[in-house]
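Data from upload-v4.pdb: PDB, C-alpha atoms and all ligand atoms
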ATOM      1  CA  MET A 326      -3.507  -0.761   7.150
ATOM      2  CA  PRO A 327      -0.901  -1.829   4.593
ATOM      3  CA  GLU A 328       0.340   1.098   2.515
ATOM      4  CA  LEU A 329       2.858   1.299  -0.326
ATOM      5  CA  PRO A 330       5.947   0.135   1.645
ATOM      6  CA  GLU A 331       4.113  -2.832   3.172
ATOM      7  CA  VAL A 332       2.664  -3.891  -0.185
ATOM      8  CA  GLU A 333       6.071  -3.417  -1.860
ATOM      9  CA  THR A 334       7.654  -5.649   0.807
ATOM     10  CA  VAL A 335       5.030  -8.347   0.242
ATOM     11  CA  VAL A 336       5.525  -8.077  -3.533
ATOM     12  CA  ARG A 337       9.323  -8.399  -3.258
ATOM     13  CA  GLY A 338       8.877 -11.474  -1.114
ATOM     14  CA  LEU A 339       6.377 -13.043  -3.501
ATOM     15  CA  ARG A 340       8.644 -12.256  -6.451
ATOM     16  CA  LEU A 341      11.349 -14.469  -4.920
ATOM     17  CA  LEU A 342       8.914 -17.338  -4.432
ATOM     18  CA  LEU A 343       6.312 -17.389  -7.184
ATOM     19  CA  PRO A 344       7.499 -16.773 -10.767
ATOM     20  CA  GLY A 345       7.724 -20.073 -12.664
ATOM     21  CA  ARG A 346       5.185 -21.803 -10.426
ATOM     22  CA  THR A 347       1.866 -23.073 -11.757
ATOM     23  CA  ILE A 348      -1.364 -22.700  -9.801
ATOM     24  CA  LEU A 349      -2.967 -26.137  -9.503
ATOM     25  CA  ASP A 350      -6.128 -25.465  -7.542
ATOM     26  CA  VAL A 351      -8.135 -22.773  -5.816
ATOM     27  CA  ARG A 352     -10.047 -23.267  -2.565
ATOM     28  CA  LEU A 353     -12.222 -20.455  -1.321
ATOM     29  CA  GLY A 354     -13.874 -19.934   2.053
ATOM     30  CA  LYS A 355     -15.573 -16.610   2.723
ATOM     31  CA  VAL A 356     -15.617 -14.663  -0.520
ATOM     32  CA  ASP A 357     -17.412 -11.357   0.145
ATOM     33  CA  PHE A 358     -14.200  -9.496  -0.798
ATOM     34  CA  VAL A 359     -13.786 -11.352  -4.129
ATOM     35  CA  ASP A 360     -15.222  -9.576  -7.183
ATOM     36  CA  ASP A 361     -16.285 -12.757  -8.998
ATOM     37  CA  PRO A 362     -15.454 -15.908  -6.987
ATOM     38  CA  ALA A 363     -16.651 -18.374  -9.652
ATOM     39  CA  SER A 364     -14.484 -16.851 -12.351
ATOM     40  CA  LEU A 365     -11.525 -16.663  -9.966
ATOM     41  CA  ALA A 366     -11.830 -20.359  -9.120
ATOM     42  CA  GLU A 367     -12.260 -21.270 -12.767
ATOM     43  CA  SER A 368      -9.641 -19.101 -14.432
ATOM     44  CA  LEU A 369      -6.601 -19.579 -12.164
ATOM     45  CA  PRO A 370      -5.919 -23.349 -12.160
ATOM     46  CA  GLY A 371      -3.347 -24.266 -14.803
ATOM     47  CA  LYS A 372      -1.966 -20.764 -15.083
ATOM     48  CA  ARG A 373       1.752 -20.148 -14.748
ATOM     49  CA  ILE A 374       2.942 -17.218 -12.643
ATOM     50  CA  VAL A 375       5.308 -15.039 -14.668
ATOM     51  CA  ASP A 376       5.712 -11.961 -12.479
ATOM     52  CA  VAL A 377       4.562 -10.189  -9.319
ATOM     53  CA  ALA A 378       4.305  -6.398  -9.320
ATOM     54  CA  ARG A 379       2.859  -3.581  -7.216
ATOM     55  CA  LEU A 380       0.369  -1.055  -8.551
ATOM     56  CA  GLY A 381      -0.175   1.490  -5.773
ATOM     57  CA  LYS A 382      -1.524  -0.645  -2.926
ATOM     58  CA  PHE A 383      -2.528  -3.507  -5.244
ATOM     59  CA  ILE A 384      -0.516  -6.701  -5.635
ATOM     60  CA  CYS A 385      -0.586  -7.859  -9.254
ATOM     61  CA  VAL A 386       0.309 -11.478 -10.039
ATOM     62  CA  ALA A 387       0.760 -11.854 -13.807
ATOM     63  CA  LEU A 388      -0.329 -15.211 -15.189
ATOM     64  CA  GLU A 389       0.094 -16.836 -18.566
ATOM     65  CA  PRO A 390      -1.911 -19.790 -19.898
ATOM     66  CA  GLY A 391       0.591 -22.638 -19.224
ATOM     67  CA  LYS A 392      -0.568 -26.248 -19.196
ATOM     68  CA  ASP A 393      -4.256 -26.758 -19.748
ATOM     69  CA  LEU A 394      -5.584 -28.789 -16.823
ATOM     70  CA  SER A 395      -9.216 -28.718 -17.863
ATOM     71  CA  GLY A 396      -8.691 -30.363 -21.250
ATOM     72  CA  ALA A 397     -10.576 -27.601 -23.033
ATOM     73  CA  ALA A 398      -8.946 -27.090 -26.393
ATOM     74  CA  GLY A 399      -8.892 -24.265 -28.825
ATOM     75  CA  VAL A 400      -9.647 -21.524 -26.340
ATOM     76  CA  SER A 401      -7.359 -18.638 -27.067
ATOM     77  CA  GLU A 402      -6.274 -17.109 -23.802
ATOM     78  CA  SER A 403      -4.052 -14.169 -23.204
ATOM     79  CA  ARG A 404      -2.332 -12.999 -20.074
ATOM     80  CA  LEU A 405      -4.397 -12.601 -16.921
ATOM     81  CA  ASN A 406      -3.668 -10.541 -13.838
ATOM     82  CA  PHE A 407      -4.621 -11.853 -10.428
ATOM     83  CA  ILE A 408      -4.997  -8.725  -8.312
ATOM     84  CA  VAL A 409      -5.137  -8.492  -4.512
ATOM     85  CA  HIS A 410      -5.693  -5.492  -2.240
ATOM     86  CA  LEU A 411      -4.916  -6.197   1.413
ATOM     87  CA  GLY A 412      -7.522  -3.735   2.738
ATOM     88  CA  MET A 413      -7.086  -3.214   6.478
ATOM     89  CA  THR A 414      -5.889  -6.594   7.712
ATOM     90  CA  GLY A 415      -5.116  -8.716   4.643
ATOM     91  CA  GLN A 416      -2.104 -11.047   4.583
ATOM     92  CA  LEU A 417      -0.847 -12.800   1.453
ATOM     93  CA  THR A 418       1.737 -15.422   2.345
ATOM     94  CA  VAL A 419       3.326 -18.496   0.801
ATOM     95  CA  LYS A 420       3.303 -21.573   3.026
ATOM     96  CA  SER A 421       3.884 -25.294   2.692
ATOM     97  CA  ALA A 422       0.578 -27.051   2.147
ATOM     98  CA  GLY A 423       1.069 -28.917   5.437
ATOM     99  CA  ASP A 424       1.726 -25.834   7.566
ATOM    100  CA  PRO A 425      -0.879 -25.064  10.247
ATOM    101  CA  VAL A 426      -3.652 -22.802   8.973
ATOM    102  CA  LYS A 427      -4.398 -19.644  10.970
ATOM    103  CA  SER A 428      -7.968 -18.615  11.652
ATOM    104  CA  HIS A 429      -9.482 -16.137   9.166
ATOM    105  CA  THR A 430      -7.587 -17.706   6.241
ATOM    106  CA  HIS A 431     -10.152 -17.547   3.445
ATOM    107  CA  CYS A 432      -8.358 -18.467   0.209
ATOM    108  CA  PHE A 433      -5.819 -21.116  -0.760
ATOM    109  CA  PHE A 434      -4.033 -21.322  -4.099
ATOM    110  CA  GLY A 435      -2.192 -24.633  -4.406
ATOM    111  CA  LEU A 436       1.103 -24.546  -6.345
ATOM    112  CA  ASP A 437       3.004 -27.203  -8.276
ATOM    113  CA  ASP A 438       5.881 -27.285  -5.742
ATOM    114  CA  GLY A 439       3.827 -28.355  -2.723
ATOM    115  CA  GLN A 440       3.445 -24.828  -1.417
ATOM    116  CA  GLU A 441       0.348 -22.681  -1.430
ATOM    117  CA  ILE A 442      -0.507 -19.009  -1.473
ATOM    118  CA  ARG A 443      -2.778 -18.189   1.443
ATOM    119  CA  TYR A 444      -4.951 -15.154   1.920
ATOM    120  CA  ARG A 445      -5.905 -14.289   5.479
ATOM    121  CA  ASP A 446      -8.017 -11.276   6.363
ATOM    122  CA  ILE A 447      -9.638 -10.756   9.767
ATOM    123  CA  ARG A 448     -11.796  -7.771   8.832
ATOM    124  CA  ARG A 449     -12.288  -8.714   5.148
ATOM    125  CA  PHE A 450     -11.925  -5.178   3.763
ATOM    126  CA  GLY A 451      -9.507  -6.523   1.152
ATOM    127  CA  ARG A 452     -10.320  -7.143  -2.469
ATOM    128  CA  MET A 453      -9.463  -9.863  -4.955
ATOM    129  CA  LEU A 454     -10.148  -9.950  -8.670
ATOM    130  CA  VAL A 455      -8.910 -11.206 -12.012
ATOM    131  CA  VAL A 456      -8.328  -8.674 -14.785
ATOM    132  CA  PRO A 457      -7.388  -9.716 -18.337
ATOM    133  CA  GLU A 458      -4.430  -7.841 -19.822
ATOM    134  CA  SER A 459      -6.867  -5.996 -22.091
ATOM    135  CA  GLY A 460      -8.681  -4.591 -19.039
ATOM    136  CA  MET A 461      -5.604  -3.266 -17.244
ATOM    137  CA  ARG A 462      -5.674   0.159 -18.864
ATOM    138  CA  GLU A 463      -9.147   0.771 -17.499
ATOM    139  CA  PHE A 464      -8.204  -0.670 -14.102
ATOM    140  CA  LEU A 465      -5.163   1.614 -13.859
ATOM    141  CA  GLY A 466      -7.189   4.574 -15.081
ATOM    142  CA  HIS A 467      -8.688   4.950 -11.611
ATOM    143  CA  LEU A 468      -5.296   5.145  -9.950
ATOM    144  CA  GLY A 469      -3.084   8.207  -9.585
ATOM    145  CA  ARG A 470       0.660   8.536 -10.080
ATOM    146  CA  GLU A 471       3.225   6.236  -8.559
ATOM    147  CA  PRO A 472       4.830   8.249  -5.712
ATOM    148  CA  LEU A 473       8.276   6.690  -6.212
ATOM    149  CA  GLU A 474       8.249   7.563  -9.911
ATOM    150  CA  ILE A 475       6.569  10.961 -10.185
ATOM    151  CA  GLY A 476       9.092  13.712 -10.957
ATOM    152  CA  ALA A 477       9.388  16.959  -8.976
ATOM    153  CA  GLU A 478       7.823  19.142 -11.652
ATOM    154  CA  GLU A 479       4.857  16.829 -12.180
ATOM    155  CA  PHE A 480       4.362  16.564  -8.440
ATOM    156  CA  CYS A 481       4.281  20.361  -8.118
ATOM    157  CA  LYS A 482       1.817  20.567 -10.987
ATOM    158  CA  GLU A 483      -0.527  18.067  -9.276
ATOM    159  CA  PHE A 484      -0.450  19.983  -5.992
ATOM    160  CA  SER A 485      -0.101  23.651  -6.933
ATOM    161  CA  SER A 486      -3.577  24.082  -8.409
ATOM    162  CA  ARG A 487      -5.519  22.236  -5.691
ATOM    163  CA  ARG A 488      -7.595  23.904  -3.010
ATOM    164  CA  ALA A 489      -7.688  20.697  -0.955
ATOM    165  CA  ARG A 490      -5.755  20.236   2.265
ATOM    166  CA  VAL A 491      -2.349  18.782   1.635
ATOM    167  CA  LYS A 492      -3.058  15.778   3.870
ATOM    168  CA  ALA A 493      -6.240  14.968   1.912
ATOM    169  CA  LEU A 494      -4.356  15.168  -1.381
ATOM    170  CA  LEU A 495      -1.615  12.837  -0.181
ATOM    171  CA  LEU A 496      -4.307  10.287   0.729
ATOM    172  CA  ASP A 497      -6.268  10.681  -2.525
ATOM    173  CA  GLN A 498      -5.491   7.520  -4.515
ATOM    174  CA  ARG A 499      -6.509   9.287  -7.739
ATOM    175  CA  VAL A 500      -3.621  11.749  -7.236
ATOM    176  CA  LEU A 501      -0.916   9.482  -5.795
ATOM    177  CA  ARG A 502      -1.357   5.754  -5.445
ATOM    178  CA  GLY A 503      -0.169   3.983  -2.335
ATOM    179  CA  VAL A 504       0.235   6.674   0.334
ATOM    180  CA  GLY A 505      -1.967   6.226   3.404
ATOM    181  CA  ASN A 506      -2.247   7.762   6.850
ATOM    182  CA  ILE A 507       1.098   6.654   8.285
ATOM    183  CA  TYR A 508       3.287   7.838   5.429
ATOM    184  CA  ALA A 509       1.289  11.015   4.788
ATOM    185  CA  ASP A 510       1.865  12.118   8.404
ATOM    186  CA  GLU A 511       5.529  11.105   8.411
ATOM    187  CA  SER A 512       6.140  12.877   5.069
ATOM    188  CA  LEU A 513       4.461  16.089   6.253
ATOM    189  CA  PHE A 514       6.578  16.069   9.414
ATOM    190  CA  ARG A 515       9.746  15.595   7.392
ATOM    191  CA  ALA A 516       8.736  18.439   5.069
ATOM    192  CA  ARG A 517       7.698  20.596   8.090
ATOM    193  CA  LEU A 518       4.209  21.164   6.718
ATOM    194  CA  HIS A 519       0.999  21.291   8.746
ATOM    195  CA  PRO A 520      -1.485  18.670   7.476
ATOM    196  CA  ALA A 521      -4.271  21.267   7.114
ATOM    197  CA  ARG A 522      -2.324  23.532   4.752
ATOM    198  CA  ILE A 523      -4.113  24.170   1.458
ATOM    199  CA  ALA A 524      -2.006  22.632  -1.309
ATOM    200  CA  ALA A 525      -2.237  25.703  -3.541
ATOM    201  CA  SER A 526      -0.848  27.875  -0.710
ATOM    202  CA  LEU A 527       2.475  26.032  -0.574
ATOM    203  CA  THR A 528       5.544  27.742  -1.952
ATOM    204  CA  LYS A 529       7.528  26.004  -4.671
ATOM    205  CA  LYS A 530      10.240  25.273  -2.119
ATOM    206  CA  GLN A 531       7.708  23.658   0.232
ATOM    207  CA  MET A 532       6.239  21.560  -2.556
ATOM    208  CA  LEU A 533       9.681  20.339  -3.590
ATOM    209  CA  ALA A 534      10.418  19.528   0.054
ATOM    210  CA  LEU A 535       7.201  17.507   0.252
ATOM    211  CA  HIS A 536       7.974  15.643  -2.968
ATOM    212  CA  ARG A 537      11.395  14.719  -1.601
ATOM    213  CA  ALA A 538       9.986  13.823   1.835
ATOM    214  CA  VAL A 539       7.351  11.453   0.417
ATOM    215  CA  ARG A 540       9.970   9.610  -1.582
ATOM    216  CA  GLU A 541      12.512   9.451   1.262
ATOM    217  CA  ILE A 542       9.952   8.238   3.784
ATOM    218  CA  LEU A 543       8.601   5.551   1.450
ATOM    219  CA  GLU A 544      12.098   4.352   0.553
ATOM    220  CA  ALA A 545      13.144   4.223   4.207
ATOM    221  CA  ALA A 546       9.966   2.317   5.091
ATOM    222  CA  ILE A 547      10.612  -0.209   2.301
ATOM    223  CA  HIS A 548      14.169  -0.591   3.628
ATOM    224  CA  PHE A 549      12.727  -1.463   7.072
ATOM    225  CA  ARG A 550      10.198  -3.818   5.418
ATOM    226  CA  GLY A 551       7.152  -1.723   6.291
ATOM    227  CA  SER A 552       5.348  -0.813   9.510
ATOM    228  CA  SER A 553       3.647  -3.545  11.508
ATOM    229  CA  ILE A 554       1.036  -1.578  13.437
ATOM    230  CA  SER A 555      -1.568  -4.317  13.679
ATOM    231  CA  ASP A 556      -1.764  -7.291  11.330
ATOM    232  CA  TYR A 557       0.676  -6.537   8.540
ATOM    233  CA  VAL A 558       3.207  -9.264   7.729
ATOM    234  CA  ASP A 559       5.362  -9.910   4.655
ATOM    235  CA  ALA A 560       5.114 -12.836   2.223
ATOM    236  CA  LYS A 561       6.789 -15.145   4.745
ATOM    237  CA  GLY A 562       4.663 -13.982   7.670
ATOM    238  CA  MET A 563       7.354 -11.737   9.225
ATOM    239  CA  ARG A 564       6.588  -8.325  10.739
ATOM    240  CA  GLY A 565       8.103  -5.051   9.506
ATOM    241  CA  LYS A 566      10.273  -2.702  11.583
ATOM    242  CA  PHE A 567       9.549   0.817  10.344
ATOM    243  CA  GLN A 568       7.078   1.457  13.198
ATOM    244  CA  GLN A 569      10.190   1.940  15.367
ATOM    245  CA  GLN A 570      11.214   4.840  13.105
ATOM    246  CA  HIS A 571       7.924   6.763  13.184
ATOM    247  CA  ARG A 572       8.423  10.403  14.168
ATOM    248  CA  VAL A 573       4.794  11.480  14.618
ATOM    249  CA  TYR A 574       2.351   8.717  13.689
ATOM    250  CA  GLN A 575       0.566   7.451  16.830
ATOM    251  CA  ARG A 576       2.975   9.477  19.034
ATOM    252  CA  LYS A 577       0.377  11.864  20.514
ATOM    253  CA  GLY A 578       1.687  13.545  23.686
ATOM    254  CA  LYS A 579       5.225  12.259  23.152
ATOM    255  CA  ALA A 580       8.242  14.512  22.609
ATOM    256  CA  CYS A 581       9.113  15.630  19.092
ATOM    257  CA  PHE A 582      12.469  14.148  18.072
ATOM    258  CA  ARG A 583      13.395  17.472  16.487
ATOM    259  CA  CYS A 584      12.298  20.169  18.984
ATOM    260  CA  ARG A 585      11.141  18.219  22.069
ATOM    261  CA  GLY A 586       7.669  19.828  21.776
ATOM    262  CA  LYS A 587       4.615  17.631  22.235
ATOM    263  CA  ILE A 588       3.188  15.746  19.238
ATOM    264  CA  ARG A 589      -0.507  16.501  18.722
ATOM    265  CA  ARG A 590      -3.340  14.730  16.975
ATOM    266  CA  VAL A 591      -6.024  16.551  14.977
ATOM    267  CA  ILE A 592      -8.645  15.462  12.475
ATOM    268  CA  VAL A 593      -7.923  16.644   8.935
ATOM    269  CA  ALA A 594     -10.106  15.560   6.023
ATOM    270  CA  GLY A 595     -11.831  13.070   8.304
ATOM    271  CA  ARG A 596      -8.604  11.311   9.263
ATOM    272  CA  SER A 597      -6.542  11.537  12.407
ATOM    273  CA  SER A 598      -3.329  13.403  11.747
ATOM    274  CA  TYR A 599      -0.282  13.480  13.978
ATOM    275  CA  PHE A 600       2.028  16.469  13.809
ATOM    276  CA  CYS A 601       4.371  18.705  15.817
ATOM    277  CA  PRO A 602       2.803  22.174  16.299
ATOM    278  CA  ARG A 603       6.232  23.829  16.519
ATOM    279  CA  CYS A 604       7.886  22.106  13.542
ATOM    280  CA  GLN A 605       4.684  22.185  11.443
ATOM    281  CA  PRO A 606       3.022  25.557  12.120
ATOM    282  CA  ALA A 607      -0.725  25.852  11.503
ATOM    283  CA  PRO A 608      -1.899  27.776   8.411
ATOM    284  CA  ARG A 609      -3.414  30.656  10.423
ATOM    285  CA  ALA A 610      -0.289  31.177  12.502
ATOM    286  CA  ARG A 611       1.750  31.511   9.335
ATOM    287  CA  LYS A 612      -0.315  34.422   8.033
ATOM    288  CA  LYS A 613       0.520  36.708  10.978
TER     289      LYS A 613
HETATM  290 ZN    ZN B   1       8.927  19.507  16.649
END

Starting from the file, give its structure as structure tokens.
Ligand SMILES: [Zn+2]
Amino acid sequence: MPELPEVETVVRGLRLLLPGRTILDVRLGKVDFVDDPASLAESLPGKRIVDVARLGKFICVALEPGKDLSGAAGVSESRLNFIVHLGMTGQLTVKSAGDPVKSHTHCFFGLDDGQEIRYRDIRRFGRMLVVPESGMREFLGHLGREPLEIGAEEFCKEFSSRRARVKALLLDQRVLRGVGNIYADESLFRARLHPARIAASLTKKQMLALHRAVREILEAAIHFRGSSISDYVDAKGMRGKFQQQHRVYQRKGKACFRCRGKIRRVIVAGRSSYFCPRCQPAPRARKK
């Protein structure tokens, strides 16, 4: 499932390709992941792409009115945001209109330079919607803090009062936006914290270590252009390389790179969690 580094890699790729382009037409296939397909198909043609940004795990393509293709006059339009969440298996790529189309490609957005944005999603757990600039505050209101921007003190404040397990908090998009299972596990390993620790039980030093670990892991993963576990590809359809750097994620039974102990897998907060029992001691063992 694409997490922050994968989405950031896609966004950086799109940012090189899209700003300045105008969307000419929209063709939709299966649309059960689109909030309002009719409005999407109606509102995008004629719009000029001005920027591409990441909001947690959402890709946000900022559009301004541009040339009016419909001929409708006098309609005052402000900036729109075309927002895409890749879900489990979503891929947002830019291809030449003549390039072969892969199966499970559901949406095509034709551009004025002969290329098109394609959305492919095998499992269709993604999401696509259009949000006017005036609705962005409400949209962002559901999302937590940006993990690459939150300061150490604020991070400690978010975590120190919570009775939830630290793994569950890392995954909670209302606390931090963009961290998922891979980077939660890798961050906890780096910070030497067991995933089932209660956040409020962490010492200040441990919380600061976790804050630093989250940031370092995410930055390293962006550097390696994300982790391609299953379907993730960047804006040009290329796979990431950070999966080769994973220390615990999906390494059950393999040797810990730090202590040579065996990596284990447990369920914490309903999610599988990979950790090293020696490097990340369990909460109960610590109390002895
Ligand atoms: Zn270890």

Legend entry - Pairwise distance for atom CA of A:Val351 and atom CA of A:Ala366, rounded to one decimal in Å: 5.5 Å

Please enumerate the residues selected by the PyMOL selection byres (((not hetatm)) within 8 of (chain B and resi 1)) when evaluated against the supplied file, formatted as a short mmCIF file (atom, residue, chain, number, x, y, z; two decimals) with C-alpha atoms, in the coordinates of the input.
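Written file, result23.cif:
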data_model
loop_
_atom_site.label_atom_id
_atom_site.label_comp_id
_atom_site.auth_asym_id
_atom_site.auth_seq_id
_atom_site.Cartn_x
_atom_site.Cartn_y
_atom_site.Cartn_z
CA ALA A 580 8.24 14.51 22.61
CA CYS A 581 9.11 15.63 19.09
CA PHE A 582 12.47 14.15 18.07
CA ARG A 583 13.40 17.47 16.49
CA CYS A 584 12.30 20.17 18.98
CA ARG A 585 11.14 18.22 22.07
CA GLY A 586 7.67 19.83 21.78
CA LYS A 587 4.62 17.63 22.24
CA ILE A 588 3.19 15.75 19.24
CA CYS A 601 4.37 18.70 15.82
CA PRO A 602 2.80 22.17 16.30
CA ARG A 603 6.23 23.83 16.52
CA CYS A 604 7.89 22.11 13.54
CA GLN A 605 4.68 22.18 11.44
#

Inset, instruction - Can you pull out every residue within 7 Å of A:Arg540, counting all atoms listed in the file, but drop anything in the same chain fewer than 3 positions away, and send it as number ranges by chain? - result: A: 472-473, 536-537, 543-544

Legend entry - Residues matched by the PyMOL selection byres (((chain A and resi 606) around 10) and not hetatm) as a list of chain:residue names: A:Arg517, A:Leu518, A:His519, A:Pro520, A:Ala521, A:Arg522, A:Phe600, A:Cys601, A:Pro602, A:Arg603, A:Cys604, A:Gln605, A:Ala607, A:Pro608, A:Arg609, A:Ala610, A:Arg611

Rows by chain and residue number, stretch 355-445 of chain A within 10 Å of stretch 451-459 of chain A, shortest pair, only C-alpha atoms, as CSV:
residue,atom,partner,partner_atom,distance
A:Val356,CA,A:Met453,CA,9.0
A:Asp357,CA,A:Arg452,CA,8.7
A:Phe358,CA,A:Arg452,CA,4.8
A:Val359,CA,A:Met453,CA,4.6
A:Asp360,CA,A:Leu454,CA,5.3
A:Asp361,CA,A:Leu454,CA,6.8
A:Pro362,CA,A:Leu454,CA,8.2
A:Ser364,CA,A:Val455,CA,7.9
A:Leu365,CA,A:Val455,CA,6.4
A:Ser368,CA,A:Val455,CA,8.3
A:Leu369,CA,A:Val455,CA,8.7
A:Phe383,CA,A:Arg452,CA,9.0
A:Ile384,CA,A:Met453,CA,9.5
A:Cys385,CA,A:Val455,CA,9.4
A:Val386,CA,A:Val455,CA,9.4
A:Ala387,CA,A:Glu458,CA,8.9
A:Leu388,CA,A:Pro457,CA,9.5
A:Glu402,CA,A:Pro457,CA,9.3
A:Ser403,CA,A:Glu458,CA,7.2
A:Arg404,CA,A:Glu458,CA,5.6
A:Leu405,CA,A:Pro457,CA,4.4
A:Asn406,CA,A:Val456,CA,5.1
A:Phe407,CA,A:Val455,CA,4.6
A:Ile408,CA,A:Leu454,CA,5.3
A:Val409,CA,A:Met453,CA,4.6
A:His410,CA,A:Arg452,CA,4.9
A:Leu411,CA,A:Gly451,CA,4.6
A:Gly412,CA,A:Gly451,CA,3.8
A:Met413,CA,A:Gly451,CA,6.7
A:Thr414,CA,A:Gly451,CA,7.5
A:Gly415,CA,A:Gly451,CA,6.0
A:Gln416,CA,A:Gly451,CA,9.3
A:Tyr444,CA,A:Met453,CA,9.8
A:Arg445,CA,A:Gly451,CA,9.6

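Across A:Ala493, A:Ile554, A:Ile447, A:Ala545, the tightest approach to A:Lys427 is made by A:Ile447 when counting all atoms listed in the file.
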
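Among the candidate residues A:Asp350, A:Glu511, A:Asp376, A:Glu463, the one lying nearest to A:Ala422 is A:Asp350, with distances computed using all atoms listed in the file.
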